[in-house]
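A.B. asks: Contents of final_0.cif (mmCIF, C-alpha atoms and all ligand atoms; chains and numbers go by the auth columns) are below:
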data_entry
#
loop_
_atom_site.group_PDB
_atom_site.id
_atom_site.type_symbol
_atom_site.label_atom_id
_atom_site.label_comp_id
_atom_site.label_asym_id
_atom_site.label_seq_id
_atom_site.Cartn_x
_atom_site.Cartn_y
_atom_site.Cartn_z
_atom_site.B_iso_or_equiv
_atom_site.auth_seq_id
_atom_site.auth_asym_id
ATOM 1 C CA MET A 1 7.690 -27.484 51.763 0.00 81 A
ATOM 2 C CA MET A 2 6.683 -29.768 54.595 0.00 82 A
ATOM 3 C CA LYS A 3 3.693 -27.571 55.205 0.00 83 A
ATOM 4 C CA LYS A 4 2.630 -27.770 51.571 0.00 84 A
ATOM 5 C CA GLU A 5 2.984 -31.539 51.522 0.00 85 A
ATOM 6 C CA ALA A 6 0.907 -31.798 54.664 0.00 86 A
ATOM 7 C CA LEU A 7 -1.744 -29.517 53.204 0.00 87 A
ATOM 8 C CA LYS A 8 -1.896 -31.518 50.019 0.00 88 A
ATOM 9 C CA ALA A 9 -2.198 -34.788 51.920 0.00 89 A
ATOM 10 C CA GLY A 10 -4.928 -33.290 54.081 0.00 90 A
ATOM 11 C CA ILE A 11 -6.884 -32.077 51.078 0.00 91 A
ATOM 12 C CA LEU A 12 -6.587 -35.376 49.256 0.00 92 A
ATOM 13 C CA ASN A 13 -7.551 -37.357 52.319 0.00 93 A
ATOM 14 C CA ALA A 14 -10.543 -35.146 52.937 0.00 94 A
ATOM 15 C CA LEU A 15 -11.682 -35.471 49.331 0.00 95 A
ATOM 16 C CA HIS A 16 -11.352 -39.193 49.151 0.00 96 A
ATOM 17 C CA GLY A 17 -12.665 -39.990 52.589 0.00 97 A
ATOM 18 C CA VAL A 18 -9.395 -41.543 53.728 0.00 98 A
ATOM 19 C CA ALA A 19 -8.998 -39.340 56.776 0.00 99 A
ATOM 20 C CA PRO A 20 -11.591 -37.836 59.120 0.00 100 A
ATOM 21 C CA LYS A 21 -13.474 -35.156 57.201 0.00 101 A
ATOM 22 C CA PRO A 22 -13.438 -31.470 58.129 0.00 102 A
ATOM 23 C CA ALA A 23 -16.453 -30.243 60.031 0.00 103 A
ATOM 24 C CA THR A 24 -18.733 -29.148 57.180 0.00 104 A
ATOM 25 C CA PRO A 25 -18.760 -29.183 53.371 0.00 105 A
ATOM 26 C CA GLN A 26 -18.734 -25.377 53.444 0.00 106 A
ATOM 27 C CA GLN A 27 -15.528 -25.339 55.485 0.00 107 A
ATOM 28 C CA LEU A 28 -13.933 -27.849 53.139 0.00 108 A
ATOM 29 C CA HIS A 29 -14.999 -25.774 50.163 0.00 109 A
ATOM 30 C CA GLN A 30 -13.529 -22.639 51.671 0.00 110 A
ATOM 31 C CA ALA A 31 -10.320 -24.374 52.664 0.00 111 A
ATOM 32 C CA LEU A 32 -9.853 -25.957 49.261 0.00 112 A
ATOM 33 C CA GLY A 33 -10.453 -22.834 47.222 0.00 113 A
ATOM 34 C CA GLU A 34 -8.143 -20.613 49.186 0.00 114 A
ATOM 35 C CA THR A 35 -5.480 -23.115 50.075 0.00 115 A
ATOM 36 C CA VAL A 36 -5.133 -24.435 46.573 0.00 116 A
ATOM 37 C CA MET A 37 -4.894 -20.986 45.038 0.00 117 A
ATOM 38 C CA GLU A 38 -2.378 -19.844 47.611 0.00 118 A
ATOM 39 C CA ALA A 39 -0.272 -22.925 47.101 0.00 119 A
ATOM 40 C CA ILE A 40 -0.161 -23.076 43.325 0.00 120 A
ATOM 41 C CA ALA A 41 -0.237 -19.504 42.088 0.00 121 A
ATOM 42 C CA PRO A 42 3.523 -18.851 42.515 0.00 122 A
ATOM 43 C CA ASP A 43 4.307 -22.218 40.938 0.00 123 A
ATOM 44 C CA TRP A 44 2.412 -21.339 37.797 0.00 124 A
ATOM 45 C CA LYS A 45 4.514 -18.252 37.294 0.00 125 A
ATOM 46 C CA LYS A 46 7.765 -20.088 37.986 0.00 126 A
ATOM 47 C CA SER A 47 6.879 -22.948 35.673 0.00 127 A
ATOM 48 C CA MET A 48 5.970 -20.608 32.891 0.00 128 A
ATOM 49 C CA ASP A 49 9.309 -18.821 33.190 0.00 129 A
ATOM 50 C CA ALA A 50 11.520 -21.870 33.550 0.00 130 A
ATOM 51 C CA HIS A 51 9.898 -24.779 31.736 0.00 131 A
ATOM 52 C CA GLU A 52 7.770 -23.704 28.860 0.00 132 A
ATOM 53 C CA HIS A 53 7.433 -27.239 27.593 0.00 133 A
ATOM 54 C CA SER A 54 6.890 -28.912 30.959 0.00 134 A
ATOM 55 C CA ARG A 55 3.758 -30.506 32.271 0.00 135 A
ATOM 56 C CA ARG A 56 3.188 -27.700 34.683 0.00 136 A
ATOM 57 C CA ALA A 57 3.549 -25.077 31.994 0.00 137 A
ATOM 58 C CA CYS A 58 0.900 -26.954 30.118 0.00 138 A
ATOM 59 C CA TYR A 59 -1.386 -26.561 33.103 0.00 139 A
ATOM 60 C CA PHE A 60 -0.596 -22.935 33.264 0.00 140 A
ATOM 61 C CA SER A 61 -1.547 -22.391 29.667 0.00 141 A
ATOM 62 C CA MET A 62 -4.918 -23.927 30.362 0.00 142 A
ATOM 63 C CA GLU A 63 -5.829 -20.711 32.079 0.00 143 A
ATOM 64 C CA PHE A 64 -5.889 -19.206 28.628 0.00 144 A
ATOM 65 C CA LEU A 65 -6.940 -22.247 26.643 0.00 145 A
ATOM 66 C CA VAL A 66 -9.919 -23.451 28.590 0.00 146 A
ATOM 67 C CA GLY A 67 -12.101 -20.508 27.702 0.00 147 A
ATOM 68 C CA ARG A 68 -11.593 -21.072 24.030 0.00 148 A
ATOM 69 C CA ALA A 69 -10.102 -24.425 23.082 0.00 149 A
ATOM 70 C CA VAL A 70 -11.080 -26.856 25.825 0.00 150 A
ATOM 71 C CA TYR A 71 -14.457 -25.325 26.560 0.00 151 A
ATOM 72 C CA ASN A 72 -15.261 -25.628 22.882 0.00 152 A
ATOM 73 C CA THR A 73 -14.295 -29.256 22.489 0.00 153 A
ATOM 74 C CA LEU A 74 -17.085 -31.474 21.247 0.00 154 A
ATOM 75 C CA LEU A 75 -19.343 -33.117 23.798 0.00 155 A
ATOM 76 C CA VAL A 76 -22.361 -34.033 21.638 0.00 156 A
ATOM 77 C CA LEU A 77 -22.221 -34.505 17.859 0.00 157 A
ATOM 78 C CA ASP A 78 -24.817 -32.268 16.175 0.00 158 A
ATOM 79 C CA GLY A 79 -25.800 -31.032 19.623 0.00 159 A
ATOM 80 C CA GLU A 80 -26.942 -27.642 20.854 0.00 160 A
ATOM 81 C CA PRO A 81 -25.665 -24.553 19.013 0.00 161 A
ATOM 82 C CA CYS A 82 -22.625 -22.928 20.652 0.00 162 A
ATOM 83 C CA THR A 83 -21.590 -19.279 20.689 0.00 163 A
ATOM 84 C CA CYS A 84 -18.481 -20.249 18.675 0.00 164 A
ATOM 85 C CA GLY A 85 -20.633 -21.261 15.711 0.00 165 A
ATOM 86 C CA ARG A 86 -20.226 -25.012 16.083 0.00 166 A
ATOM 87 C CA ARG A 87 -22.802 -27.389 17.522 0.00 167 A
ATOM 88 C CA GLY A 88 -22.428 -29.605 20.560 0.00 168 A
ATOM 89 C CA CYS A 89 -19.480 -27.931 22.327 0.00 169 A
ATOM 90 C CA TRP A 90 -18.972 -28.592 26.008 0.00 170 A
ATOM 91 C CA GLU A 91 -19.726 -24.909 26.599 0.00 171 A
ATOM 92 C CA ALA A 92 -23.181 -25.358 25.074 0.00 172 A
ATOM 93 C CA TYR A 93 -23.961 -27.837 27.870 0.00 173 A
ATOM 94 C CA SER A 94 -22.129 -26.658 30.951 0.00 174 A
ATOM 95 C CA SER A 95 -22.242 -22.853 30.946 0.00 175 A
ATOM 96 C CA ALA A 96 -24.702 -20.765 32.977 0.00 176 A
ATOM 97 C CA THR A 97 -26.547 -19.995 29.735 0.00 177 A
ATOM 98 C CA ALA A 98 -26.825 -23.716 29.051 0.00 178 A
ATOM 99 C CA LEU A 99 -28.165 -24.375 32.551 0.00 179 A
ATOM 100 C CA ILE A 100 -30.847 -21.733 32.071 0.00 180 A
ATOM 101 C CA ARG A 101 -31.828 -23.260 28.708 0.00 181 A
ATOM 102 C CA GLN A 102 -32.015 -26.738 30.278 0.00 182 A
ATOM 103 C CA ALA A 103 -34.131 -25.378 33.136 0.00 183 A
ATOM 104 C CA ARG A 104 -36.547 -23.615 30.759 0.00 184 A
ATOM 105 C CA GLN A 105 -37.021 -26.811 28.772 0.00 185 A
ATOM 106 C CA ALA A 106 -37.664 -28.767 31.967 0.00 186 A
ATOM 107 C CA ALA A 107 -40.083 -26.091 33.223 0.00 187 A
ATOM 108 C CA ALA A 108 -42.110 -26.348 29.994 0.00 188 A
ATOM 109 C CA GLU A 109 -42.332 -30.132 30.395 0.00 189 A
ATOM 110 C CA HIS A 110 -43.119 -29.980 34.123 0.00 190 A
ATOM 111 C CA PRO A 111 -45.642 -27.215 34.839 0.00 191 A
ATOM 112 C CA GLU A 112 -45.896 -28.466 38.443 0.00 192 A
ATOM 113 C CA SER A 113 -42.230 -27.619 39.028 0.00 193 A
ATOM 114 C CA LEU A 114 -41.057 -24.595 41.010 0.00 194 A
ATOM 115 C CA LEU A 115 -39.104 -23.704 37.874 0.00 195 A
ATOM 116 C CA ALA A 116 -42.341 -23.273 35.910 0.00 196 A
ATOM 117 C CA GLY A 117 -43.597 -20.837 38.536 0.00 197 A
ATOM 118 C CA ALA A 118 -40.404 -18.758 38.686 0.00 198 A
ATOM 119 C CA GLU A 119 -40.644 -15.213 37.324 0.00 199 A
ATOM 120 C CA GLU A 120 -37.172 -15.401 35.922 0.00 200 A
ATOM 121 C CA ILE A 121 -34.856 -18.380 35.659 0.00 201 A
ATOM 122 C CA THR A 122 -31.208 -17.869 36.566 0.00 202 A
ATOM 123 C CA GLY A 123 -28.549 -20.382 37.547 0.00 203 A
ATOM 124 C CA LYS A 124 -29.264 -19.550 41.181 0.00 204 A
ATOM 125 C CA THR A 125 -33.025 -20.064 40.738 0.00 205 A
ATOM 126 C CA VAL A 126 -32.390 -23.605 39.551 0.00 206 A
ATOM 127 C CA PHE A 127 -30.092 -24.490 42.443 0.00 207 A
ATOM 128 C CA ASP A 128 -32.450 -22.815 44.953 0.00 208 A
ATOM 129 C CA ALA A 129 -35.415 -24.823 43.644 0.00 209 A
ATOM 130 C CA ALA A 130 -33.315 -27.989 43.858 0.00 210 A
ATOM 131 C CA ASP A 131 -32.403 -27.116 47.461 0.00 211 A
ATOM 132 C CA ARG A 132 -36.102 -26.824 48.250 0.00 212 A
ATOM 133 C CA GLY A 133 -36.610 -30.381 47.066 0.00 213 A
ATOM 134 C CA ASP A 134 -38.079 -29.677 43.631 0.00 214 A
ATOM 135 C CA GLU A 135 -37.690 -32.894 41.639 0.00 215 A
ATOM 136 C CA THR A 136 -37.480 -31.270 38.240 0.00 216 A
ATOM 137 C CA ALA A 137 -34.861 -28.781 39.415 0.00 217 A
ATOM 138 C CA ASN A 138 -32.837 -31.573 41.010 0.00 218 A
ATOM 139 C CA ALA A 139 -32.956 -33.555 37.771 0.00 219 A
ATOM 140 C CA VAL A 140 -31.754 -30.488 35.845 0.00 220 A
ATOM 141 C CA VAL A 141 -28.917 -29.896 38.324 0.00 221 A
ATOM 142 C CA ASP A 142 -27.887 -33.571 38.288 0.00 222 A
ATOM 143 C CA ARG A 143 -27.777 -33.628 34.495 0.00 223 A
ATOM 144 C CA PHE A 144 -25.877 -30.331 34.418 0.00 224 A
ATOM 145 C CA CYS A 145 -23.287 -31.761 36.831 0.00 225 A
ATOM 146 C CA ASP A 146 -22.918 -34.755 34.508 0.00 226 A
ATOM 147 C CA TYR A 147 -22.244 -32.451 31.556 0.00 227 A
ATOM 148 C CA LEU A 148 -19.688 -30.559 33.601 0.00 228 A
ATOM 149 C CA GLY A 149 -18.179 -33.799 34.872 0.00 229 A
ATOM 150 C CA ALA A 150 -17.959 -35.201 31.338 0.00 230 A
ATOM 151 C CA GLY A 151 -15.940 -32.211 30.139 0.00 231 A
ATOM 152 C CA VAL A 152 -13.742 -32.274 33.234 0.00 232 A
ATOM 153 C CA THR A 153 -13.145 -35.990 32.621 0.00 233 A
ATOM 154 C CA ASN A 154 -11.972 -35.166 29.096 0.00 234 A
ATOM 155 C CA ILE A 155 -9.436 -32.737 30.582 0.00 235 A
ATOM 156 C CA VAL A 156 -8.330 -35.286 33.168 0.00 236 A
ATOM 157 C CA ASN A 157 -7.862 -37.968 30.501 0.00 237 A
ATOM 158 C CA ALA A 158 -5.965 -35.668 28.175 0.00 238 A
ATOM 159 C CA LEU A 159 -3.752 -33.728 30.590 0.00 239 A
ATOM 160 C CA ALA A 160 -3.877 -35.385 34.012 0.00 240 A
ATOM 161 C CA PRO A 161 -3.755 -32.099 35.945 0.00 241 A
ATOM 162 C CA GLU A 162 -3.407 -32.335 39.697 0.00 242 A
ATOM 163 C CA VAL A 163 -5.949 -29.633 40.377 0.00 243 A
ATOM 164 C CA ILE A 164 -8.949 -28.378 38.448 0.00 244 A
ATOM 165 C CA LEU A 165 -10.528 -25.177 39.658 0.00 245 A
ATOM 166 C CA ILE A 166 -14.020 -24.355 38.498 0.00 246 A
ATOM 167 C CA GLY A 167 -14.875 -20.675 38.281 0.00 247 A
ATOM 168 C CA GLY A 168 -17.848 -18.587 37.235 0.00 248 A
ATOM 169 C CA GLY A 169 -20.980 -17.677 39.161 0.00 249 A
ATOM 170 C CA ILE A 170 -22.250 -21.249 39.305 0.00 250 A
ATOM 171 C CA SER A 171 -19.134 -22.384 41.175 0.00 251 A
ATOM 172 C CA ARG A 172 -20.564 -20.507 44.180 0.00 252 A
ATOM 173 C CA GLN A 173 -22.999 -23.410 44.529 0.00 253 A
ATOM 174 C CA GLY A 174 -20.096 -25.247 46.143 0.00 254 A
ATOM 175 C CA GLU A 175 -20.574 -28.875 47.058 0.00 255 A
ATOM 176 C CA ARG A 176 -23.970 -29.237 45.339 0.00 256 A
ATOM 177 C CA LEU A 177 -21.999 -28.750 42.122 0.00 257 A
ATOM 178 C CA LEU A 178 -18.553 -30.082 43.018 0.00 258 A
ATOM 179 C CA ALA A 179 -19.457 -33.352 44.758 0.00 259 A
ATOM 180 C CA PRO A 180 -21.381 -34.811 41.772 0.00 260 A
ATOM 181 C CA VAL A 181 -18.650 -33.640 39.395 0.00 261 A
ATOM 182 C CA ARG A 182 -16.034 -35.442 41.512 0.00 262 A
ATOM 183 C CA ARG A 183 -18.186 -38.579 41.548 0.00 263 A
ATOM 184 C CA TYR A 184 -18.599 -38.428 37.771 0.00 264 A
ATOM 185 C CA VAL A 185 -14.862 -38.044 37.213 0.00 265 A
ATOM 186 C CA GLU A 186 -13.990 -40.876 39.604 0.00 266 A
ATOM 187 C CA LYS A 187 -16.448 -43.163 37.876 0.00 267 A
ATOM 188 C CA ASN A 188 -15.605 -42.255 34.306 0.00 268 A
ATOM 189 C CA CYS A 189 -12.019 -41.118 34.016 0.00 269 A
ATOM 190 C CA PHE A 190 -9.334 -43.332 32.538 0.00 270 A
ATOM 191 C CA GLY A 191 -8.364 -45.800 35.265 0.00 271 A
ATOM 192 C CA GLY A 192 -11.406 -44.965 37.403 0.00 272 A
ATOM 193 C CA LYS A 193 -10.688 -44.526 41.102 0.00 273 A
ATOM 194 C CA ASP A 194 -7.067 -45.558 40.482 0.00 274 A
ATOM 195 C CA GLY A 195 -6.726 -42.992 37.711 0.00 275 A
ATOM 196 C CA ALA A 196 -5.124 -39.548 37.887 0.00 276 A
ATOM 197 C CA ILE A 197 -7.981 -38.011 39.861 0.00 277 A
ATOM 198 C CA PRO A 198 -7.304 -34.313 40.416 0.00 278 A
ATOM 199 C CA ILE A 199 -8.416 -32.104 43.252 0.00 279 A
ATOM 200 C CA ILE A 200 -11.601 -30.462 41.997 0.00 280 A
ATOM 201 C CA ALA A 201 -12.489 -27.236 43.761 0.00 281 A
ATOM 202 C CA ALA A 202 -14.035 -23.821 43.224 0.00 282 A
ATOM 203 C CA ALA A 203 -11.741 -21.098 41.884 0.00 283 A
ATOM 204 C CA ARG A 204 -11.310 -17.860 43.752 0.00 284 A
ATOM 205 C CA LEU A 205 -10.453 -15.670 40.818 0.00 285 A
ATOM 206 C CA GLY A 206 -13.834 -14.162 40.212 0.00 286 A
ATOM 207 C CA ASN A 207 -16.489 -14.695 37.617 0.00 287 A
ATOM 208 C CA ASP A 208 -14.373 -14.653 34.522 0.00 288 A
ATOM 209 C CA ALA A 209 -11.949 -17.274 35.729 0.00 289 A
ATOM 210 C CA GLY A 210 -13.705 -20.009 33.784 0.00 290 A
ATOM 211 C CA ILE A 211 -12.211 -23.385 34.456 0.00 291 A
ATOM 212 C CA ILE A 212 -8.575 -23.128 35.287 0.00 292 A
ATOM 213 C CA GLY A 213 -6.106 -25.901 34.960 0.00 293 A
ATOM 214 C CA ALA A 214 -3.676 -26.496 37.666 0.00 294 A
ATOM 215 C CA ALA A 215 -0.283 -27.423 38.875 0.00 295 A
ATOM 216 C CA ALA A 216 1.639 -29.530 41.307 0.00 296 A
ATOM 217 C CA LEU A 217 1.279 -28.263 44.857 0.00 297 A
HETATM 218 ZN ZN ZN B . -18.261 -23.824 20.808 0.00 301 A
#
Once you've parsed the file, please lay out its structure as structure tokens.
Ligand SMILES: [Zn+2]

C.D. replies:
Amino acid sequence: MMKKEALKAGILNALHGVAPKPATPQQLHQALGETVMEAIAPDWKKSMDAHEHSRRACYFSMEFLVGRAVYNTLLVLDGEPCTCGRRGCWEAYSSATALIRQARQAAAEHPESLLAGAEEITGKTVFDAADRGDETANAVVDRFCDYLGAGVTNIVNALAPEVILIGGGISRQGERLLAPVRRYVEKNCFGGKDGAIPIIAAARLGNDAGIIGAAAL
């Protein structure tokens, strides 16, 4: 228990810049993903068994709900078409498919961009072009992180989870994705920096994990 408390304090301090930071963002990313999963996975199971109505059980159920219910909450009225048949869902703005659509639109408007010259646009292409300093790609990535952050903020405001794990192929982009999402949530969630800011990290459950809600460490 002591060890878990210490881990949690270390993670929180690292995230919020209270304590000296770990050596590199990559190391932090690694540590967060694995540590958080290791620490909370047994708790999810226990909570589900013992307290179906509890806060933690609610987090647990998000594993199942996020793909369908939360991911398809409205982000933009009359927005982009979503695979569920509605328009403007969060999913229509913050999935890999959405990122590719946003990048194609930007490429058409900015023929000088690396994106316009790419043979095929994937999520990775966009992040790679951004890494190489392409302005258009960086603008697309920044906007995408805002969309993701906006949806995460909705979850934070509604459920106040302690941890939010982001899965899917794009979560492999690590801090280029996670840091702006954290900034967005801190700036926009209910209560701002004093609000119920969760740990936001990359999931380690593979591509189909989606965004997984979380539990007390
Ligand atoms: Zn939808």

A.B. asks: Which residues are near ligand ZN 301 (chain A) - at most 9 Å, using all atoms listed in the file? Format: as a PDB file with C-alpha atoms, in the frame of the given file.

C.D. replies:
ATOM      1  CA  ARG A 148     -11.593 -21.072  24.030  1.00  0.00           C
ATOM      2  CA  ALA A 149     -10.102 -24.425  23.082  1.00  0.00           C
ATOM      3  CA  TYR A 151     -14.457 -25.325  26.560  1.00  0.00           C
ATOM      4  CA  ASN A 152     -15.261 -25.628  22.882  1.00  0.00           C
ATOM      5  CA  THR A 153     -14.295 -29.256  22.489  1.00  0.00           C
ATOM      6  CA  LEU A 154     -17.085 -31.474  21.247  1.00  0.00           C
ATOM      7  CA  PRO A 161     -25.665 -24.553  19.013  1.00  0.00           C
ATOM      8  CA  CYS A 162     -22.625 -22.928  20.652  1.00  0.00           C
ATOM      9  CA  THR A 163     -21.590 -19.279  20.689  1.00  0.00           C
ATOM     10  CA  CYS A 164     -18.481 -20.249  18.675  1.00  0.00           C
ATOM     11  CA  GLY A 165     -20.633 -21.261  15.711  1.00  0.00           C
ATOM     12  CA  ARG A 166     -20.226 -25.012  16.083  1.00  0.00           C
ATOM     13  CA  ARG A 167     -22.802 -27.389  17.522  1.00  0.00           C
ATOM     14  CA  GLY A 168     -22.428 -29.605  20.560  1.00  0.00           C
ATOM     15  CA  CYS A 169     -19.480 -27.931  22.327  1.00  0.00           C
ATOM     16  CA  TRP A 170     -18.972 -28.592  26.008  1.00  0.00           C
ATOM     17  CA  GLU A 171     -19.726 -24.909  26.599  1.00  0.00           C
ATOM     18  CA  ALA A 172     -23.181 -25.358  25.074  1.00  0.00           C
TER      19      ALA A 172
END

A.B. asks: My list of candidates is A:Ala240, A:Ile246, A:Leu257, A:Val206. Which is closest to Gln182 of chain A when distances are computed with all atoms listed in the file?

C.D. replies: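 Using all atoms listed in the file, Gln182 of chain A sits closest to A:Val206.
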
A.B. asks: Please enumerate the residues selected by the PyMOL selection byres (((chain A and resi 260) around 12) and not hetatm) when evaluated against the supplied file, formatted as a CSV table (one decimal) with C-alpha atoms, in the coordinates of the input.

C.D. replies:
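Done, and the output landed in selection-v3.csv:
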chain,number,residue,atom,x,y,z
A,218,ASN,CA,-32.8,-31.6,41.0
A,221,VAL,CA,-28.9,-29.9,38.3
A,222,ASP,CA,-27.9,-33.6,38.3
A,223,ARG,CA,-27.8,-33.6,34.5
A,224,PHE,CA,-25.9,-30.3,34.4
A,225,CYS,CA,-23.3,-31.8,36.8
A,226,ASP,CA,-22.9,-34.8,34.5
A,227,TYR,CA,-22.2,-32.5,31.6
A,228,LEU,CA,-19.7,-30.6,33.6
A,229,GLY,CA,-18.2,-33.8,34.9
A,230,ALA,CA,-18.0,-35.2,31.3
A,232,VAL,CA,-13.7,-32.3,33.2
A,253,GLN,CA,-23.0,-23.4,44.5
A,254,GLY,CA,-20.1,-25.2,46.1
A,255,GLU,CA,-20.6,-28.9,47.1
A,256,ARG,CA,-24.0,-29.2,45.3
A,257,LEU,CA,-22.0,-28.8,42.1
A,258,LEU,CA,-18.6,-30.1,43.0
A,259,ALA,CA,-19.5,-33.4,44.8
A,261,VAL,CA,-18.6,-33.6,39.4
A,262,ARG,CA,-16.0,-35.4,41.5
A,263,ARG,CA,-18.2,-38.6,41.5
A,264,TYR,CA,-18.6,-38.4,37.8
A,265,VAL,CA,-14.9,-38.0,37.2
A,266,GLU,CA,-14.0,-40.9,39.6
A,267,LYS,CA,-16.4,-43.2,37.9
A,280,ILE,CA,-11.6,-30.5,42.0
A,281,ALA,CA,-12.5,-27.2,43.8

A.B. asks: Report, in Å with one decimal, the straight-line distance from atom CA of Ala196 of chain A to atom CA of Ala217 of chain A.

C.D. replies: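 About the pair atom CA of Ala196 of chain A and atom CA of Ala217 of chain A: they are 9.9 Å apart.
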
A.B. asks: To one decimal place in Å, what is the distance between atom CA of Leu155 of chain A and atom CA of Leu194 of chain A?

C.D. replies: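 Answer for the atom CA of Leu155 of chain A to atom CA of Leu194 of chain A separation: 29.0 Å.
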
A.B. asks: Take the PyMOL selection byres (((chain A and resi 197) around 12) and not hetatm), run it mentally on this structure, and tell me the resulting residues as a ChimeraX atom specification.

C.D. replies: /A:183-184,186-188,190-196,198-201,205-206,209,214,217

A.B. asks: For the selection just defined, write its residues with C-alpha atoms to a file, as a short mmCIF file (atom, residue, chain, number, x, y, z; two decimals), in the coordinates of the input.

C.D. replies:
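Dumped everything to out-v6.cif:
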data_model
loop_
_atom_site.label_atom_id
_atom_site.label_comp_id
_atom_site.auth_asym_id
_atom_site.auth_seq_id
_atom_site.Cartn_x
_atom_site.Cartn_y
_atom_site.Cartn_z
CA ALA A 183 -34.13 -25.38 33.14
CA ARG A 184 -36.55 -23.62 30.76
CA ALA A 186 -37.66 -28.77 31.97
CA ALA A 187 -40.08 -26.09 33.22
CA ALA A 188 -42.11 -26.35 29.99
CA HIS A 190 -43.12 -29.98 34.12
CA PRO A 191 -45.64 -27.22 34.84
CA GLU A 192 -45.90 -28.47 38.44
CA SER A 193 -42.23 -27.62 39.03
CA LEU A 194 -41.06 -24.60 41.01
CA LEU A 195 -39.10 -23.70 37.87
CA ALA A 196 -42.34 -23.27 35.91
CA ALA A 198 -40.40 -18.76 38.69
CA GLU A 199 -40.64 -15.21 37.32
CA GLU A 200 -37.17 -15.40 35.92
CA ILE A 201 -34.86 -18.38 35.66
CA THR A 205 -33.02 -20.06 40.74
CA VAL A 206 -32.39 -23.60 39.55
CA ALA A 209 -35.42 -24.82 43.64
CA ASP A 214 -38.08 -29.68 43.63
CA ALA A 217 -34.86 -28.78 39.42
#

A.B. asks: Just how far from atom CA of Thr177 of chain A is atom CA of Gly203 of chain A, in Å to one decimal?

C.D. replies: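 Computing it gives 8.1 Å between the two atoms.
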
A.B. asks: Restricting the calculation to all atoms listed in the file: of A:Gly231, A:Gly159, A:Gly248, A:Gly213, which residue gets closest to Cys269 of chain A?

C.D. replies: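 So, comparing all the options, the nearest one is A:Gly231.
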
A.B. asks: So, with all atoms listed in the file as the atoms that count, which of A:Leu179, A:Ala282, A:Leu157, A:Ile277 lies closest to Gly247 of chain A?

C.D. replies: A:Ala282

A.B. asks: Calculate, to one decimal in Å, the centre and edge lengths of the box along x, y and z of the file that holds all listed atoms of segment 162-178 of chain A with 3 Å of margin on each side, and present them as JSON.

C.D. replies:
{"center_x": -22.7, "center_y": -24.4, "center_z": 24.3, "size_x": 14.3, "size_y": 16.3, "size_z": 23.3}

A.B. asks: Which residue gives the smallest distance to Ala238 of chain A among A:Asp208, A:Ser251, A:Ala176, A:Phe270, with only C-alpha atoms counted?

C.D. replies: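 The answer is A:Phe270, which sits nearest to Ala238 of chain A.
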